[in-house]
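Student: The structure is given below, and queries will be raised subsequently.
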Amino acid sequence: MIANPPPWPGGARCAVAFTFDVDTDSMLHYGLPESAHTKLTALSWTRYDEVAIPRILEMYRRYELQQTFFVPAWVAEQYPHLVEGMAAGGHEVALHGYMHELSNTLSPEEEASILRRGTEVIERIAGARPKGWRAPFYSFSPETARLLCLEGFEYDSSLMGDDVPYLLRCDEGDLVELPADYQSDDWPQYVQNVEFEYLMPIRAPARAMEVFRAEFEAAYEYGGLWVSMWHPFVSGRLSRAHEVAKFIEEVLGRGDVWVSRLDEIAAHIRSITAAGDYQPRVDRIPYYPGPVAAEADASDSSQTAT
């Protein structure tokens with residue numbers, strides 16, 4: 001069913017990354033700048049990262065895994081000990097905005113400034129310049145690819161256009177896209193929060209894992225890439241983390257799954273492409289130069305006039 005599966009290292013059947021978006025309380029302050037400090041219950045919910053992240057790091061240590069954490073730079077500044085723990089464990093610390101801004105609502109100048117500022121913060125605290133980016137709320141803008149290339153990023157993991165890695169091409173260069181998907185995100189499964197105006201029915205952890213297992217099994221069957229998106233204060237809760245650990249054991253128990261950091265997956269795709277062993281699909285970004293509906297309306301008006 002996948003027309004162009006890449007060859008994975010060691011003859012692995014598929015590639016998997018268990019990624020965490022470490023938003024903590026950044027998006028609460030960004031979304032409710034005047035009142036977030038009064039939302040003590042919501043703040044305590046998001047600040048559960050202080051408990052969840054050490055738990056996740058210990059889980060990864062137990063299974064001898066190094067994975068990718070996407071961190072808003074503001075979070076890195078507020079909770080440097082958490083980011084330092086990630087780096088000390090050999091994990092990749094990638095960028096996730098400054099304060100979880102929606103990139104596609106910013107001017108190009110604002111987006112560029114936030115990207116530069118965030119890159120500097122992550123490099124200073126994590127000890128390495130970030131190679132990867134995930135747009136907050138997947139808000140990849142028409143300018144994002146160009147700006148990421150200019151800042152020297154190697155990959156993005158915000159878009160959803162394939163089941164395997166592909167390339168995003170713009171005038172400034174190419175990015176490896178390591179595609180995400182809403183159904184591999186824990187947010188729809190678990191989150192019910194009035195402050196975020198997000199009220200989904202909360203699934204039991206075993207039920208939620210059915211969705212993630214189905215996604216993994218399809219990637220395993222057809223040679224794809226499965227990138228899961230978790231949030232520490234959501235899936236790091238005790239009952240959910242217990243199910244995540246069981247699932248990791250199942251995946252590792254297959255013996256033929258490459259579980260890796262996203263920067264390593266992106267580097268592999270670039271390597272096999274350069275060697276002529278793989279030809280990834282290419283998407284030219286942005287998809288459209290401007291509003292399509294406006295052009296269509298103008299065309300209809302012109303035809304009516306004639």
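Following the order of the structure tokens, first chain is A, next is B, and so on, with residues numbered from 1 inside each chain and ligands from 1 in the order they appear.
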Any chance you could list, as JSON, numbers by chain, the residues in segment 61-282 of chain A that come up strand (DSSP E or B) when DSSP is run on the backbone?

Tutor: {"A": [68, 69, 70, 71, 92, 93, 94, 95, 132, 133, 155, 156, 166, 167, 168, 169, 170, 173, 174, 175, 176, 177, 185, 192, 193, 198, 199, 225, 226, 227, 228, 229, 230, 257, 258, 259, 282]}

Student: Those residues you just picked out, can you put them in a file as a compact mmCIF listing (two decimals), in the first residue's frame with N, CA and C atoms?

Tutor:
# COMPACT_ATOMS: atom_id res chain seq x y z
N THR A 68 13.02 12.08 20.84
CA THR A 68 12.98 13.51 20.54
C THR A 68 11.92 14.20 21.38
N PHE A 69 12.32 15.31 21.99
CA PHE A 69 11.41 16.18 22.72
C PHE A 69 11.34 17.53 22.01
N PHE A 70 10.13 17.99 21.70
CA PHE A 70 9.93 19.31 21.11
C PHE A 70 9.57 20.28 22.24
N VAL A 71 10.39 21.33 22.38
CA VAL A 71 10.27 22.20 23.54
C VAL A 71 10.14 23.66 23.11
N GLU A 92 17.20 14.06 21.85
CA GLU A 92 17.21 15.25 21.01
C GLU A 92 16.23 16.28 21.57
N VAL A 93 16.70 17.52 21.69
CA VAL A 93 15.82 18.62 22.07
C VAL A 93 15.60 19.48 20.82
N ALA A 94 14.40 19.43 20.28
CA ALA A 94 14.04 20.16 19.07
C ALA A 94 13.15 21.34 19.46
N LEU A 95 12.92 22.24 18.51
CA LEU A 95 12.24 23.50 18.80
C LEU A 95 10.75 23.41 18.50
N GLY A 132 15.60 20.15 14.44
CA GLY A 132 14.22 19.84 14.06
C GLY A 132 13.22 20.83 14.62
N TRP A 133 12.06 20.88 13.98
CA TRP A 133 11.00 21.82 14.32
C TRP A 133 9.66 21.13 14.21
N TYR A 155 15.03 19.24 9.46
CA TYR A 155 13.76 18.57 9.23
C TYR A 155 12.63 19.30 9.94
N ASP A 156 11.42 18.97 9.50
CA ASP A 156 10.18 19.41 10.14
C ASP A 156 9.35 18.17 10.45
N TYR A 166 9.33 12.61 3.38
CA TYR A 166 9.40 13.22 2.06
C TYR A 166 10.11 14.56 2.20
N LEU A 167 10.32 15.24 1.08
CA LEU A 167 11.06 16.49 1.10
C LEU A 167 10.13 17.67 0.90
N LEU A 168 10.38 18.74 1.67
CA LEU A 168 9.74 20.03 1.45
C LEU A 168 10.76 20.91 0.74
N ARG A 169 10.42 21.39 -0.44
CA ARG A 169 11.37 22.16 -1.26
C ARG A 169 10.90 23.60 -1.38
N CYS A 170 11.81 24.52 -1.13
CA CYS A 170 11.57 25.93 -1.34
C CYS A 170 12.82 26.53 -1.97
N GLY A 173 16.11 25.89 -0.09
CA GLY A 173 16.65 24.55 0.13
C GLY A 173 15.57 23.52 0.37
N ASP A 174 15.99 22.36 0.90
CA ASP A 174 15.10 21.25 1.18
C ASP A 174 15.10 20.94 2.67
N LEU A 175 13.92 20.59 3.17
CA LEU A 175 13.77 20.03 4.51
C LEU A 175 13.25 18.61 4.38
N VAL A 176 13.71 17.73 5.25
CA VAL A 176 13.08 16.41 5.35
C VAL A 176 11.82 16.57 6.19
N GLU A 177 10.70 16.13 5.66
CA GLU A 177 9.45 16.13 6.41
C GLU A 177 9.22 14.75 7.00
N ASP A 185 -1.75 11.56 17.81
CA ASP A 185 -1.55 12.56 18.85
C ASP A 185 -2.43 12.18 20.05
N GLN A 192 -9.60 17.05 28.12
CA GLN A 192 -10.86 17.76 28.35
C GLN A 192 -10.53 18.92 29.29
N ASN A 193 -10.53 20.13 28.73
CA ASN A 193 -10.08 21.28 29.51
C ASN A 193 -10.85 22.52 29.10
N TYR A 198 -11.48 22.81 24.87
CA TYR A 198 -11.27 21.53 24.19
C TYR A 198 -11.91 20.46 25.07
N LEU A 199 -13.05 19.96 24.65
CA LEU A 199 -13.82 19.05 25.48
C LEU A 199 -14.10 17.76 24.72
N LEU A 225 6.78 4.95 8.27
CA LEU A 225 7.29 5.67 9.44
C LEU A 225 6.11 6.00 10.34
N TRP A 226 6.21 5.65 11.61
CA TRP A 226 5.17 6.03 12.56
C TRP A 226 5.76 6.97 13.59
N VAL A 227 5.28 8.21 13.56
CA VAL A 227 5.68 9.22 14.53
C VAL A 227 4.49 9.49 15.44
N SER A 228 4.64 9.22 16.72
CA SER A 228 3.58 9.51 17.67
C SER A 228 3.89 10.80 18.41
N MET A 229 2.84 11.54 18.75
CA MET A 229 2.97 12.82 19.43
C MET A 229 2.27 12.73 20.78
N TRP A 230 3.05 12.87 21.85
CA TRP A 230 2.53 12.78 23.20
C TRP A 230 2.86 14.08 23.93
N VAL A 257 12.20 -3.44 14.38
CA VAL A 257 11.67 -2.08 14.28
C VAL A 257 12.79 -1.11 14.67
N TRP A 258 13.03 -0.11 13.82
CA TRP A 258 14.03 0.90 14.13
C TRP A 258 13.35 2.01 14.93
N VAL A 259 13.64 2.08 16.21
CA VAL A 259 13.10 3.13 17.09
C VAL A 259 14.21 4.15 17.30
N VAL A 282 8.70 14.79 -3.39
CA VAL A 282 9.02 16.19 -3.13
C VAL A 282 7.73 17.02 -3.20

Student: Which neighbours of Arg237 of chain A fall inside 9 Å, counting only C-alpha atoms, when residues of the same chain fewer than 6 positions from it are skipped, and could you give them as a PDB file with N, CA and C atoms, in the first residue's frame?

Tutor:
ATOM      1  N   TYR A  48       2.270  19.574  35.680  1.00  0.00           N
ATOM      2  CA  TYR A  48       2.521  18.159  36.007  1.00  0.00           C
ATOM      3  C   TYR A  48       3.737  17.641  35.247  1.00  0.00           C
ATOM      4  N   VAL A  51       6.538  16.264  37.199  1.00  0.00           N
ATOM      5  CA  VAL A  51       6.456  14.869  37.610  1.00  0.00           C
ATOM      6  C   VAL A  51       6.633  13.944  36.411  1.00  0.00           C
ATOM      7  N   ALA A  52       5.980  14.297  35.306  1.00  0.00           N
ATOM      8  CA  ALA A  52       5.910  13.395  34.153  1.00  0.00           C
ATOM      9  C   ALA A  52       7.242  13.252  33.424  1.00  0.00           C
TER      10      ALA A  52
END

Student: Which distance in Å separates atom CA of Val194 of chain A and atom CA of Ser26 of chain A, to one decimal?

Tutor: 16.3 Å

Student: For a quick check of understanding, using only C-alpha atoms, which of A:Phe18, A:Ala73, A:Ser260, A:Asp163 has the smallest distance to Phe212 of chain A?

Tutor: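 Between A:Phe18, A:Ala73, A:Ser260, A:Asp163, the residue approaching Phe212 of chain A most closely is A:Phe18.
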
Student: Quick one: everything within 10 Å of Gly161 of chain A, counting only C-alpha atoms, minus sequence neighbours fewer than 2 positions away in the same chain. Send it as a VMD selection string.

Tutor: chain A and resid 158 to 159 163 to 166 177 to 181 283

Student: Please provide as a list of chain:residue names all residues within 8 Å of Ile114 of chain A, with the sequence filter that same-chain residues fewer than 3 positions apart are discarded (counting only C-alpha atoms).

Tutor: A:Gly97, A:Tyr98, A:Glu110, A:Glu111, A:Arg117, A:Gly118

Student: For the residues selected in the previous step, produce a file with C-alpha atoms as a JSON list (two decimals), in the first residue's frame.

Tutor:
[["chain", "number", "residue", "atom", "x", "y", "z"],
["A", 97, "GLY", "CA", 8.17, 27.85, 19.06],
["A", 98, "TYR", "CA", 8.99, 30.33, 21.81],
["A", 110, "GLU", "CA", 7.67, 37.97, 13.66],
["A", 111, "GLU", "CA", 8.06, 34.32, 12.73],
["A", 117, "ARG", "CA", 15.30, 33.61, 19.52],
["A", 118, "GLY", "CA", 14.09, 30.07, 20.16]]

Student: Figure out the distance between atom CA of Ala135 of chain A and atom CA of Leu106 of chain A, please, to one decimal in Å.

Tutor: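 Interatomic distance, atom CA of Leu106 of chain A to atom CA of Ala135 of chain A: 12.2 Å.
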
Student: For a test of reading the model, state the distance in Å between atom CA of Tyr79 of chain A and atom CA of Ile56 of chain A, rounded to one decimal.

Tutor: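 Separation of atom CA of Tyr79 of chain A and atom CA of Ile56 of chain A: 15.8 Å.
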
Student: With only C-alpha atoms as the counted atoms, please give the residues lying no more than 8 Å from Asp186 of chain A, apart from itself and same-chain residues fewer than 3 positions off, as a PyMOL selection string.

Tutor: chain A and resi 183+189-191+208+229-231+234-235

Student: Can you pull out the residues contacting Leu102 of chain A? Cut-off 10 Å, using only C-alpha atoms, and skip same-chain residues under 3 positions away; I want them as a CSV table (one decimal) with N, CA and C atoms, in the first residue's frame.

Tutor:
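Resulting contents of around-v4.csv:
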chain,number,residue,atom,x,y,z
A,27,MET,N,1.4,27.4,26.5
A,27,MET,CA,0.2,27.8,25.6
A,27,MET,C,-0.9,28.4,26.4
A,30,TYR,N,0.1,32.0,26.5
A,30,TYR,CA,0.0,32.6,25.2
A,30,TYR,C,-1.5,32.8,24.8
A,31,GLY,N,-2.3,31.8,25.2
A,31,GLY,CA,-3.7,31.9,24.8
A,31,GLY,C,-4.5,32.8,25.7
A,97,GLY,N,8.6,26.5,18.9
A,97,GLY,CA,8.2,27.8,19.1
A,97,GLY,C,8.9,28.5,20.3
A,99,MET,N,6.7,30.7,22.8
A,99,MET,CA,5.7,30.4,23.8
A,99,MET,C,4.5,29.8,23.1
A,105,THR,N,-0.2,32.7,12.1
A,105,THR,CA,-0.9,33.9,12.4
A,105,THR,C,0.1,35.1,12.6
A,106,LEU,N,1.4,34.8,12.4
A,106,LEU,CA,2.5,35.8,12.5
A,106,LEU,C,2.9,36.4,11.2
A,111,GLU,N,7.7,35.7,12.7
A,111,GLU,CA,8.1,34.3,12.7
A,111,GLU,C,9.6,34.1,12.7
A,135,ALA,N,5.8,22.8,14.4
A,135,ALA,CA,5.0,24.0,14.7
A,135,ALA,C,4.0,23.8,15.7
A,136,PRO,N,3.8,24.7,16.7
A,136,PRO,CA,2.8,24.6,17.7
A,136,PRO,C,1.4,24.4,17.1
A,137,PHE,N,0.6,23.5,17.5
A,137,PHE,CA,-0.7,23.2,17.0
A,137,PHE,C,-0.6,22.9,15.5
A,138,TYR,N,0.6,22.4,15.0
A,138,TYR,CA,0.8,22.1,13.6
A,138,TYR,C,0.6,23.3,12.7
A,139,SER,N,0.9,24.5,13.2
A,139,SER,CA,0.5,25.8,12.5
A,139,SER,C,1.6,26.2,11.5
A,140,PHE,N,2.1,25.3,10.7
A,140,PHE,CA,3.1,25.6,9.7
A,140,PHE,C,2.6,26.6,8.7
A,141,SER,N,3.4,27.7,8.5
A,141,SER,CA,2.9,28.8,7.7
A,141,SER,C,3.5,28.8,6.3
